[in-house]
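> Here you go, one structure.
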Amino acid sequence: MRELFYSAICTLRASALGTGALLCLAFSASVSADGQNQLDGMKQEIARQQKQLSDKKQQLNDVQKTLKQQELAIARAAGNIHAAEQKVDGLIRSISQLEKEQQALLQRQIGQRELLKELLTSQYKMGKSSPLANLLGESDPARLDRMAIYASHLSQARSHALDELAATDTELQLKKHQLSEQRNEQQTLLSQLKKDRATLLGSQQARKSTVRELQGQLNADKRYLTELKSNESRLITEIAKARKAAEDAARQARVSMDGLGKYKGKLPWPVSGRIRHAYGSPLQGELRWKGMVIGQAVGSEVKAVHGGKVVFADWLRGYGLMVAVDHGQGDMTFYGYNQTVLKKVGDTVQRNEAIALVGDSGGQESPGLYFEIRRKGTPTNPQPWLTR
């Protein structure tokens, strides 16, 4: 517009002055070049800001990838620790039982040795009495027959006692070997547990730094809101995939898959704890919580609220390590922020069965469980479904 205005003035002046037309044209060209320079400058600034925005988005994606790797490492270590602890508990019980059996065998061995001692003493005495009877001219055939029969029974009893003692000795040696092996296995497991705990601690320390960086990048409300909306979109995408998997799983399920409809108010809590965020409470801007967050210590067991099939068990941006269980009839439950998952896709789970361990994955600042119920893809308030 400014160039057109100066051009019009120059045209009027040129017609009035004649020879001034050349000067006017030069001035118009100068003004036009100035406007073009401003336009180019604006384009460069827009391009710079777009690149800066793209760089920040890439940085955020890189941090999220780092967070995912660290939280998956934590999950592996925590899963190993949980499995090893359960195995150690089993070994402790087994060792205790073996020790009791060993004590019983030792007592049996003592009894068998005492019996054998008595039998050998009786046999020795009987052997001493036979020559004396011959010397004194013992000639009663009936008495001699009875002594022969008694001697035969005594010999058989001694042989049987020796066999039993040998069997007890063998069994005792076997128990000692089993005890030794199980104690060695226990020590190996305890040593591995120590290493896994060190690995877990290292991963957790690295994760803290990454979470701080992530929070710093999301400190602008608008960016945080965009991230939350993206997380919701990711969840909806995964739900669509999971529903298809659920339909396939339902045909092979060995659980009832009867849905949650008739269990409203009767479902057990997935974890016990204080509700930190209730369903429908403000999340950010116009967004509200689609599930609820229950505070609980890291490593606590997360229980399935009803029987069903696991259709998702993986890390999902914004929700960390998540497990989704299909219960049939379009009903699904979601368990997020876990430290590790104990089930894999396709597993059948029963009511109150442990499916994960509480954590703070997904970039959460404090541990807890994100719990959500969806019916035919629509989130619903979980609280009325749980036992009061």
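By convention in this document, the chains of the structure tokens carry letters A, B, ... by their order, each chain's residues are numbered from 1, and ligands are numbered from 1 in the order they are shown.
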With a distance cut-off of 8 Å and only C-alpha atoms, select the neighbouring residues of region 291-305 of chain A, excluding the residue or stretch itself and same-chain residues fewer than 6 positions from it, and output the selection as a ChimeraX atom specification.

/A:78,267-280,325,339,349-360,367-373,379-382

> If you measure from CA of Glu238 (chain A) to CA of Val211 (chain A), what distance in Å do you get, rounded to one decimal?

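If I compute the distance from CA of Glu238 (chain A) to CA of Val211 (chain A), I get 23.9 Å.
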
> Could you check the closest approach to Leu105 (chain A) for each of A:Val88, A:Leu60, A:Leu165, A:Ile74 and tell me which residue wins, using only C-alpha atoms?

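Ranking A:Val88, A:Leu60, A:Leu165, A:Ile74 by distance to Leu105 (chain A), first place goes to A:Leu165.
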
> Rank nothing, just name the residue among A:Trp315, A:Gln97, A:Arg374, A:Ile81 nearest to Leu260 (chain A), using only C-alpha atoms.

A:Arg374

> Calculate how many Å separate CA of His177 (chain A) from CA of Lys87 (chain A), rounding to one decimal.

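Distance reported for this atom pair: 19.1 Å.
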
> Counting only C-alpha atoms, which of A:Ala77, A:Lys68, A:Asp331, A:Asp347 gets nearest to Leu200 (chain A)?

A:Ala77

> Find the residue from A:Leu316, A:Leu91, A:Glu71, A:Gly308 that sits nearest to Glu185 (chain A); use only C-alpha atoms when measuring.

A:Leu91

> What is the CA of Thr210 (chain A)-CA of Asp196 (chain A) distance in Å, reported with one decimal?

20.9 Å

> As a CSV table (one decimal) with C-alpha atoms, in the first residue's frame, please: every residue in region 192-368 of chain A that a backbone DSSP assignment puts in helix (DSSP H, G or I).


chain,number,residue,atom,x,y,z
A,192,GLN,CA,22.1,-61.3,41.8
A,193,LEU,CA,19.5,-59.5,43.8
A,194,LYS,CA,22.2,-57.2,45.2
A,195,LYS,CA,23.4,-56.4,41.6
A,196,ASP,CA,19.8,-55.9,40.4
A,197,ARG,CA,19.1,-53.5,43.2
A,198,ALA,CA,22.3,-51.5,42.4
A,199,THR,CA,21.2,-51.4,38.7
A,200,LEU,CA,17.7,-50.3,39.7
A,201,LEU,CA,19.1,-47.5,42.0
A,202,GLY,CA,21.4,-46.3,39.1
A,203,SER,CA,18.5,-46.2,36.6
A,204,GLN,CA,16.2,-44.4,39.1
A,205,GLN,CA,18.9,-41.7,39.7
A,206,ALA,CA,19.3,-41.2,35.9
A,207,ARG,CA,15.5,-41.1,35.6
A,208,LYS,CA,15.2,-38.3,38.1
A,209,SER,CA,17.5,-36.1,36.0
A,210,THR,CA,15.5,-36.9,32.9
A,211,VAL,CA,12.2,-36.1,34.6
A,212,ARG,CA,13.5,-32.7,35.7
A,213,GLU,CA,14.6,-32.0,32.1
A,214,LEU,CA,11.2,-33.2,30.8
A,215,GLN,CA,9.3,-31.0,33.3
A,216,GLY,CA,11.5,-28.0,32.3
A,217,GLN,CA,10.6,-28.5,28.6
A,221,ASP,CA,1.1,-24.4,29.9
A,222,LYS,CA,0.4,-24.5,26.2
A,223,ARG,CA,3.1,-27.0,25.5
A,224,TYR,CA,2.0,-29.1,28.5
A,225,LEU,CA,-1.6,-29.0,27.3
A,226,THR,CA,-0.6,-30.1,23.8
A,227,GLU,CA,1.4,-33.0,25.3
A,228,LEU,CA,-1.5,-34.1,27.4
A,229,LYS,CA,-3.8,-34.1,24.4
A,230,SER,CA,-1.3,-36.1,22.4
A,231,ASN,CA,-1.1,-38.6,25.2
A,232,GLU,CA,-4.9,-39.0,25.2
A,233,SER,CA,-4.7,-39.5,21.4
A,234,ARG,CA,-2.1,-42.2,21.9
A,235,LEU,CA,-4.2,-44.0,24.4
A,236,ILE,CA,-7.3,-43.9,22.2
A,237,THR,CA,-5.1,-45.4,19.3
A,238,GLU,CA,-3.9,-48.1,21.6
A,239,ILE,CA,-7.4,-48.8,22.9
A,240,ALA,CA,-8.6,-49.3,19.3
A,241,LYS,CA,-5.8,-51.8,18.7
A,242,ALA,CA,-6.5,-53.5,22.1
A,243,ARG,CA,-10.2,-53.8,21.3
A,244,LYS,CA,-9.4,-55.7,18.1
A,245,ALA,CA,-6.9,-57.9,20.1
A,246,ALA,CA,-9.6,-58.4,22.7
A,247,GLU,CA,-12.1,-59.6,20.2
A,248,ASP,CA,-9.6,-62.2,19.0
A,249,ALA,CA,-8.7,-63.1,22.6
A,250,ALA,CA,-12.4,-63.5,23.6
A,261,GLY,CA,-21.9,-54.8,34.3
A,262,LYS,CA,-23.2,-57.0,37.1
A,263,TYR,CA,-20.2,-56.3,39.4

> Need to verify the contact set: Ser180 (chain A), 12 Å, only C-alpha atoms, exclusion of same-chain residues closer than 4 positions in sequence. Can you return it as a list in words?

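The contact residues come out as Leu91, Ser94, Ile95, Leu98, Glu99, Gln173, Leu174, Lys175, Lys176, Asn184, Glu185, Gln186 and Gln187 of chain A.
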
> Based on the selection just made, write N, CA, C and O atoms of those residues as an mmCIF file, in the first residue's frame.


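Saved to part-v7.cif:
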data_model
loop_
_atom_site.group_PDB
_atom_site.id
_atom_site.type_symbol
_atom_site.label_atom_id
_atom_site.label_comp_id
_atom_site.auth_asym_id
_atom_site.auth_seq_id
_atom_site.Cartn_x
_atom_site.Cartn_y
_atom_site.Cartn_z
ATOM 1 N N LEU A 91 12.747 -70.964 48.213
ATOM 2 C CA LEU A 91 13.929 -71.717 48.648
ATOM 3 C C LEU A 91 14.017 -71.780 50.171
ATOM 4 O O LEU A 91 14.389 -72.810 50.739
ATOM 5 N N SER A 94 11.630 -74.337 51.235
ATOM 6 C CA SER A 94 12.119 -75.656 50.833
ATOM 7 C C SER A 94 13.279 -76.103 51.728
ATOM 8 O O SER A 94 13.342 -77.260 52.159
ATOM 9 N N ILE A 95 14.197 -75.165 52.018
ATOM 10 C CA ILE A 95 15.340 -75.485 52.884
ATOM 11 C C ILE A 95 14.851 -75.854 54.288
ATOM 12 O O ILE A 95 15.335 -76.814 54.900
ATOM 13 N N LEU A 98 13.463 -79.319 54.109
ATOM 14 C CA LEU A 98 14.552 -80.292 53.988
ATOM 15 C C LEU A 98 15.277 -80.496 55.322
ATOM 16 O O LEU A 98 15.676 -81.615 55.660
ATOM 17 N N GLU A 99 15.455 -79.403 56.065
ATOM 18 C CA GLU A 99 16.104 -79.508 57.371
ATOM 19 C C GLU A 99 15.276 -80.353 58.341
ATOM 20 O O GLU A 99 15.812 -81.152 59.111
ATOM 21 N N GLN A 173 22.089 -88.706 52.776
ATOM 22 C CA GLN A 173 23.104 -88.113 51.910
ATOM 23 C C GLN A 173 22.451 -87.283 50.793
ATOM 24 O O GLN A 173 22.939 -86.209 50.435
ATOM 25 N N LEU A 174 21.329 -87.829 50.271
ATOM 26 C CA LEU A 174 20.593 -87.109 49.222
ATOM 27 C C LEU A 174 20.052 -85.784 49.758
ATOM 28 O O LEU A 174 20.142 -84.747 49.093
ATOM 29 N N LYS A 175 19.477 -85.807 50.962
ATOM 30 C CA LYS A 175 18.944 -84.587 51.572
ATOM 31 C C LYS A 175 20.057 -83.572 51.797
ATOM 32 O O LYS A 175 19.877 -82.369 51.574
ATOM 33 N N LYS A 176 21.216 -84.051 52.265
ATOM 34 C CA LYS A 176 22.353 -83.161 52.475
ATOM 35 C C LYS A 176 22.778 -82.503 51.166
ATOM 36 O O LYS A 176 23.095 -81.309 51.111
ATOM 37 N N ASN A 184 23.342 -73.051 47.947
ATOM 38 C CA ASN A 184 24.187 -72.403 46.936
ATOM 39 C C ASN A 184 23.342 -71.556 45.994
ATOM 40 O O ASN A 184 23.725 -70.440 45.631
ATOM 41 N N GLU A 185 22.191 -72.105 45.571
ATOM 42 C CA GLU A 185 21.287 -71.360 44.687
ATOM 43 C C GLU A 185 20.780 -70.101 45.383
ATOM 44 O O GLU A 185 20.672 -69.033 44.771
ATOM 45 N N GLN A 186 20.480 -70.233 46.677
ATOM 46 C CA GLN A 186 20.009 -69.080 47.449
ATOM 47 C C GLN A 186 21.078 -67.986 47.484
ATOM 48 O O GLN A 186 20.775 -66.805 47.288
ATOM 49 N N GLN A 187 22.318 -68.377 47.712
ATOM 50 C CA GLN A 187 23.407 -67.402 47.760
ATOM 51 C C GLN A 187 23.605 -66.724 46.406
ATOM 52 O O GLN A 187 23.839 -65.518 46.333
#
